[in-house]
Structure formats: structure tokens, C-alpha cells
Amino acid sequence: MRRKIPSNSALMAFEAAARHGSFARAADELALTEGAVSRQIARLESFVGVALFNRVGNRVRLAPNATRYAAQVREVLDRLERDSQDLMAQPIDGGSIDIAAIPTFATRWLIPRLKRFQDKHPRITVHLAQRMEPFILAGSGFDAAIHFEHPAWAGLHTHRLLQEVLIPVCHPALLADGEAEGALDRLPRLHRRQNPDAWQLYAQETGIRLRHPAVGARYDLHSMLIEAALAALGVALVPRLYVEAELEQGRLVAPWPEGRSIAKTFCLVLPEPIRLSETPLQAFANWILDEAKTAERLA
């Protein structure tokens with residue numbers, strides 16, 4: 001039975017016009033004439049039996065009952081484009097996987113180790129995208145996620161990777177010889193916007209006195225905090241696993257205790273159990289679990 005699906009050309013014209021609120025701007029984007037865009041949308045309206053735009057003179061406005069359809073079409077087209085690009089990017093005799101990950105974990109921990117996976121599985125291409133918040137994995141286009149443990153992953157298969165243990169770090173030039181605990185209250189403190197109480201919780205756990213623990217510049221990402229600490233802007237409370245190289249090189253120092261009470265757990269989230277057969281996703285899952293075990297053993 002033939003599927004009742006509009007043409008791609010009509011859907012692309014509709015999505016562009018809905019996004020721009022203009023047939024003319026949609027035509028510019030698609031390298032078509034305004035008349036061609038109008039005809040494509042008229043065909044789509046005839047196909048679905050619904051007026052998708054309200055036309056007032058030379059202006060168009062998305063009809064209220066078409067707003068949800070526009071968002072759905074945009075999502076489908078984005079998914080189709082991403083899947084096509086992924087297919088073009090993978091080796092002819094290989095496979096590929098799409099992983100959603102917390103951005104700083106991806107850049108500071110995962111990517112520096114991916115060469116080892118590539119050497120072991122040269123025919124598997126790993127595509128990475130960032131996701132700050134938990135999401136519905138089914139239908140997302142992602143094969144797996146690397147995120148914190150969260151109730152949102154209920155019903156999925158989660159595998160513990162690493163513990164995110166926070167530690168204060170700063171540029172060595174900010175500390176006088178032998179100075180440590182007192183300097184933590186003296187120096188500017190840098191904050192992650194999503195965790196505004198971290199310094200207060202750290203002070204309560206360690207017993208280090210901090211006046212006005214909430215005062216200081218705020219950043220969205222741990223990677224921003226690390227760069228700010230490297231620039232000698234203050235003391236950053238960041239996961240130790242993100243700054244191991246900088247600590248070893250002496251570019252950052254950490255003469256203060258770790259904050260264990262504010263730790264979180266990274267996990268690998270899979271839609272199905274890891275099985276013995278060697279699919280690309282299973283190969284990646286087994287590899288990253290081994291990498292995490294090795295990292296914890298060496299910590």
C-alpha cells in the first residue's frame with residue numbers, strides 16, 4: 001500500500017516558509033522563485049486538506065492549527081538530513097553510531113581517548129552531539145547517551161562510568177608560597193550557573209570558612225570555568241577528571257580537599273542490554289566501560 005506522504009519539495013517549502021513567516025525569504029533560502037514556493041505549499045494544503053497559512057495581502061502567517069505540524073515537519077527533515085549525512089560519512093564496509101554526551105565530558109575526557117577506539121575499530125565512525133539535559137532516547141536519532149544518573153533514564157539500561165568529584169583549582173600564580181586554606185576565602189571564586197550552591201556545600205563538607213560563598217562570576221559550562229582558572233581569574237570548583245592533564249603539567253594547582261558530597265555519577269545509557277555479538281554500539285559500549293575502569297584504577 002502506498003504511503004500517504006507529501007512530496008519532500010512541498011514539505012521543505014512549507015518548513016522554510018513557516019520558519020521565516022515569508023514565502024519570499026523561503027524562496028531565497030531554497031533558491032526558488034516565490035511563485036514556486038507558493039505552488040508547493042498550495043499542493044501540500046490540497047494534499048492534507050487544511051489551510052496552512054493565513055494570507056493577508058502580500059503577507060502570510062502560519063495558521064494556528066498548522067503550528068504543531070510545522071514543528072513536526074522540521075524535526076523529521078532535520079532527522080532525515082542528519083541520517084543522510086551520517087550515511088555519507090561512514091565507511092562503505094563499516095558502521096556508525098550517534099552518541100549524545102554532556103559537552104565538557106565529551107571534549108575533556110571522551111574525545112582525547114577516542115583514538116584508541118578508532119585504532120581498535122577502524123571501520124566504526126562515532127558521531128558526537130552535545131545534550132545538557134536528559135531527553136527521551138527513543139526516536140531521538142541517538143544510539144546512546146553519556147550523562148549523569150537521572151530518573152529520566154528509567155526503563156533504559158544504564159552503566160556506571162565515572163564519579164564526578166569536584167575540586168577547587170586555580171592558576172599557581174594566584175597562591176603565595178605555602179598558602180592554601182586562607183587563600184580560598186581571599187581569591188575570587190568562580191561558579192557554574194547550573195550549580196549555584198556548590199561552593200556553600202563544599203565549605204560545609206570541608207569545614208573551610210568562606211565568607212559570601214555565592215559571590216563571584218558565573219559560567220554555563222565546566223569547560224568555561226577551567227579556561228577562566230587557567231586565565232588566573234579565580235578559583236574554579238570543577239571535576240578532577242577534567243583537569244588531570246593541567247594538574248600534572250603544573251598549569252593548575254589544587255592544594256585543597258575534594259568535595260565528595262557534591263559528586264555525581266556519569267553513566268552510559270543504552271536502549272538495550274549489551275550483548276555478546278559485536279555491533280558498532282556494543283563495541284563502543286564495551287570499550288568505554290573498559291576505559292572508565294582503567295581511569296578509575298589509575299586515579
# chains A, B, ... in the order shown; residues from 1 in each chain; ligands from 1
call {"tool": "closest_atom_pairs", "arguments": {"of": "segment 169-249 of chain A", "to": "segment 105-121 of chain A", "cutoff": "10 Å", "atoms": "only C-alpha atoms", "output": "tab-separated table"}}
result
residue	atom	partner	partner_atom	distance
A:His222	CA	A:Phe105	CA	9.0
A:Ser223	CA	A:Arg108	CA	7.9
A:Pro239	CA	A:Phe105	CA	9.7
A:Leu241	CA	A:Trp109	CA	7.3
A:Tyr242	CA	A:Arg108	CA	5.5
A:Val243	CA	A:Arg108	CA	8.0
A:Glu244	CA	A:Arg108	CA	9.7
A:Ala245	CA	A:Arg108	CA	9.7
call {"tool": "select_by_dssp", "arguments": {"residues": "segment 71-289 of chain A", "states": "strand (DSSP E)", "output": "number ranges by chain"}}
result
A: 95-101, 124-130, 144-148, 157-169, 189-192, 218-219, 235-239, 259-270
call {"tool": "residues_around", "arguments": {"residues": "Gly139 of chain A", "least_positions_apart": "4", "cutoff": "12 Å", "atoms": "only C-alpha atoms", "output": "list of chain:residue names"}}
result
A:Glu75, A:Val76, A:Arg79, A:Phe135, A:Asp143, A:Ala144, A:Pro271
call {"tool": "write_last_selection", "arguments": {"atoms": "C-alpha atoms", "output": "JSON list (two decimals), in the first residue's frame"}}
result
[["chain", "number", "residue", "atom", "x", "y", "z"],
["A", 75, "GLU", "CA", 12.04, 17.62, 13.21],
["A", 76, "VAL", "CA", 11.54, 14.99, 10.51],
["A", 79, "ARG", "CA", 16.44, 13.86, 11.25],
["A", 135, "PHE", "CA", 15.97, 13.55, 26.99],
["A", 143, "ASP", "CA", 22.00, 5.28, 19.72],
["A", 144, "ALA", "CA", 23.16, 6.04, 23.27],
["A", 271, "PRO", "CA", 18.22, 1.32, 24.82]]
call {"tool": "atom_distance", "arguments": {"atom1": "atom CA of Trp153 of chain A", "atom2": "atom CA of Ala70 of chain A"}}
result
28.5 Å
call {"tool": "closest_residue", "arguments": {"among": "A:Ile226, A:Leu270, A:Ile167, A:Val235", "to": "Ala154 of chain A", "atoms": "only C-alpha atoms"}}
result
A:Leu270
call {"tool": "atom_distance", "arguments": {"atom1": "atom CA of Gly250 of chain A", "atom2": "atom CA of Ala101 of chain A"}}
result
28.3 Å
call {"tool": "select_by_dssp", "arguments": {"residues": "segment 29-133 of chain A", "states": "alpha helix (DSSP H)", "output": "ChimeraX atom specification"}}
result
/A:29-30,34-48,67-89,103-105,114-120
call {"tool": "closest_residue", "arguments": {"among": "A:Gln40, A:Asn54, A:Thr33, A:Ser22", "to": "Ala10 of chain A", "atoms": "only C-alpha atoms"}}
result
A:Gln40
call {"tool": "residues_around", "arguments": {"residues": "Ala100 of chain A", "least_positions_apart": "5", "cutoff": "6 Å", "atoms": "only C-alpha atoms", "output": "list in words"}}
result
Leu128, Ala129, Gln130, Arg131 and Ala145 of chain A
call {"tool": "write_last_selection", "arguments": {"atoms": "N, CA and C atoms", "output": "PDB file, in the first residue's frame"}}
result
ATOM      1  N   LEU A 128      29.365  12.518  17.526  1.00  0.00           N
ATOM      2  CA  LEU A 128      29.075  13.060  18.847  1.00  0.00           C
ATOM      3  C   LEU A 128      28.244  14.335  18.741  1.00  0.00           C
ATOM      4  N   ALA A 129      27.278  14.465  19.638  1.00  0.00           N
ATOM      5  CA  ALA A 129      26.491  15.689  19.763  1.00  0.00           C
ATOM      6  C   ALA A 129      26.333  15.999  21.239  1.00  0.00           C
ATOM      7  N   GLN A 130      26.121  17.259  21.567  1.00  0.00           N
ATOM      8  CA  GLN A 130      26.002  17.638  22.968  1.00  0.00           C
ATOM      9  C   GLN A 130      24.539  17.702  23.404  1.00  0.00           C
ATOM     10  N   ARG A 131      24.293  17.266  24.610  1.00  0.00           N
ATOM     11  CA  ARG A 131      22.985  17.384  25.248  1.00  0.00           C
ATOM     12  C   ARG A 131      23.229  17.695  26.724  1.00  0.00           C
ATOM     13  N   ALA A 145      23.475   7.568  25.097  1.00  0.00           N
ATOM     14  CA  ALA A 145      23.776   8.849  25.736  1.00  0.00           C
ATOM     15  C   ALA A 145      24.814   8.642  26.829  1.00  0.00           C
TER      16      ALA A 145
END
call {"tool": "atom_distance", "arguments": {"atom1": "atom CA of Tyr202 of chain A", "atom2": "atom CA of Gly259 of chain A"}}
result
5.6 Å
call {"tool": "closest_residue", "arguments": {"among": "A:Arg297, A:His147, A:Arg218, A:His171", "to": "Gln194 of chain A", "atoms": "only C-alpha atoms"}}
result
A:Arg218
call {"tool": "residues_around", "arguments": {"residues": "Leu268 of chain A", "least_positions_apart": "4", "cutoff": "7 Å", "atoms": "only C-alpha atoms", "output": "NGL selection string"}}
result
:A and (145-147 or 158-161)
call {"tool": "closest_residue", "arguments": {"among": "A:Ala228, A:Ala71, A:Ile41, A:Ala198", "to": "Ile262 of chain A", "atoms": "only C-alpha atoms"}}
result
A:Ala198
call {"tool": "residues_around", "arguments": {"residues": "His127 of chain A", "least_positions_apart": "2", "cutoff": "8 Å", "atoms": "only C-alpha atoms", "output": "PyMOL selection string"}}
result
chain A and resi 86+96-99+125+129
call {"tool": "write_last_selection", "arguments": {"atoms": "N, CA and C atoms", "output": "PDB file, in the first residue's frame"}}
result
ATOM      1  N   ASP A  86      25.092  11.167   7.981  1.00  0.00           N
ATOM      2  CA  ASP A  86      25.783  10.081   8.684  1.00  0.00           C
ATOM      3  C   ASP A  86      26.093   8.931   7.743  1.00  0.00           C
ATOM      4  N   SER A  96      28.291   3.072  11.831  1.00  0.00           N
ATOM      5  CA  SER A  96      28.416   4.319  12.571  1.00  0.00           C
ATOM      6  C   SER A  96      27.446   4.318  13.742  1.00  0.00           C
ATOM      7  N   ILE A  97      27.740   5.139  14.731  1.00  0.00           N
ATOM      8  CA  ILE A  97      26.866   5.305  15.890  1.00  0.00           C
ATOM      9  C   ILE A  97      26.790   6.782  16.234  1.00  0.00           C
ATOM     10  N   ASP A  98      25.647   7.176  16.780  1.00  0.00           N
ATOM     11  CA  ASP A  98      25.428   8.557  17.206  1.00  0.00           C
ATOM     12  C   ASP A  98      25.291   8.583  18.720  1.00  0.00           C
ATOM     13  N   ILE A  99      26.167   9.358  19.367  1.00  0.00           N
ATOM     14  CA  ILE A  99      26.199   9.427  20.822  1.00  0.00           C
ATOM     15  C   ILE A  99      25.908  10.858  21.265  1.00  0.00           C
ATOM     16  N   THR A 125      32.475   4.564  12.724  1.00  0.00           N
ATOM     17  CA  THR A 125      32.528   6.017  12.867  1.00  0.00           C
ATOM     18  C   THR A 125      31.644   6.447  14.036  1.00  0.00           C
ATOM     19  N   ALA A 129      27.278  14.465  19.638  1.00  0.00           N
ATOM     20  CA  ALA A 129      26.491  15.689  19.763  1.00  0.00           C
ATOM     21  C   ALA A 129      26.333  15.999  21.239  1.00  0.00           C
TER      22      ALA A 129
END
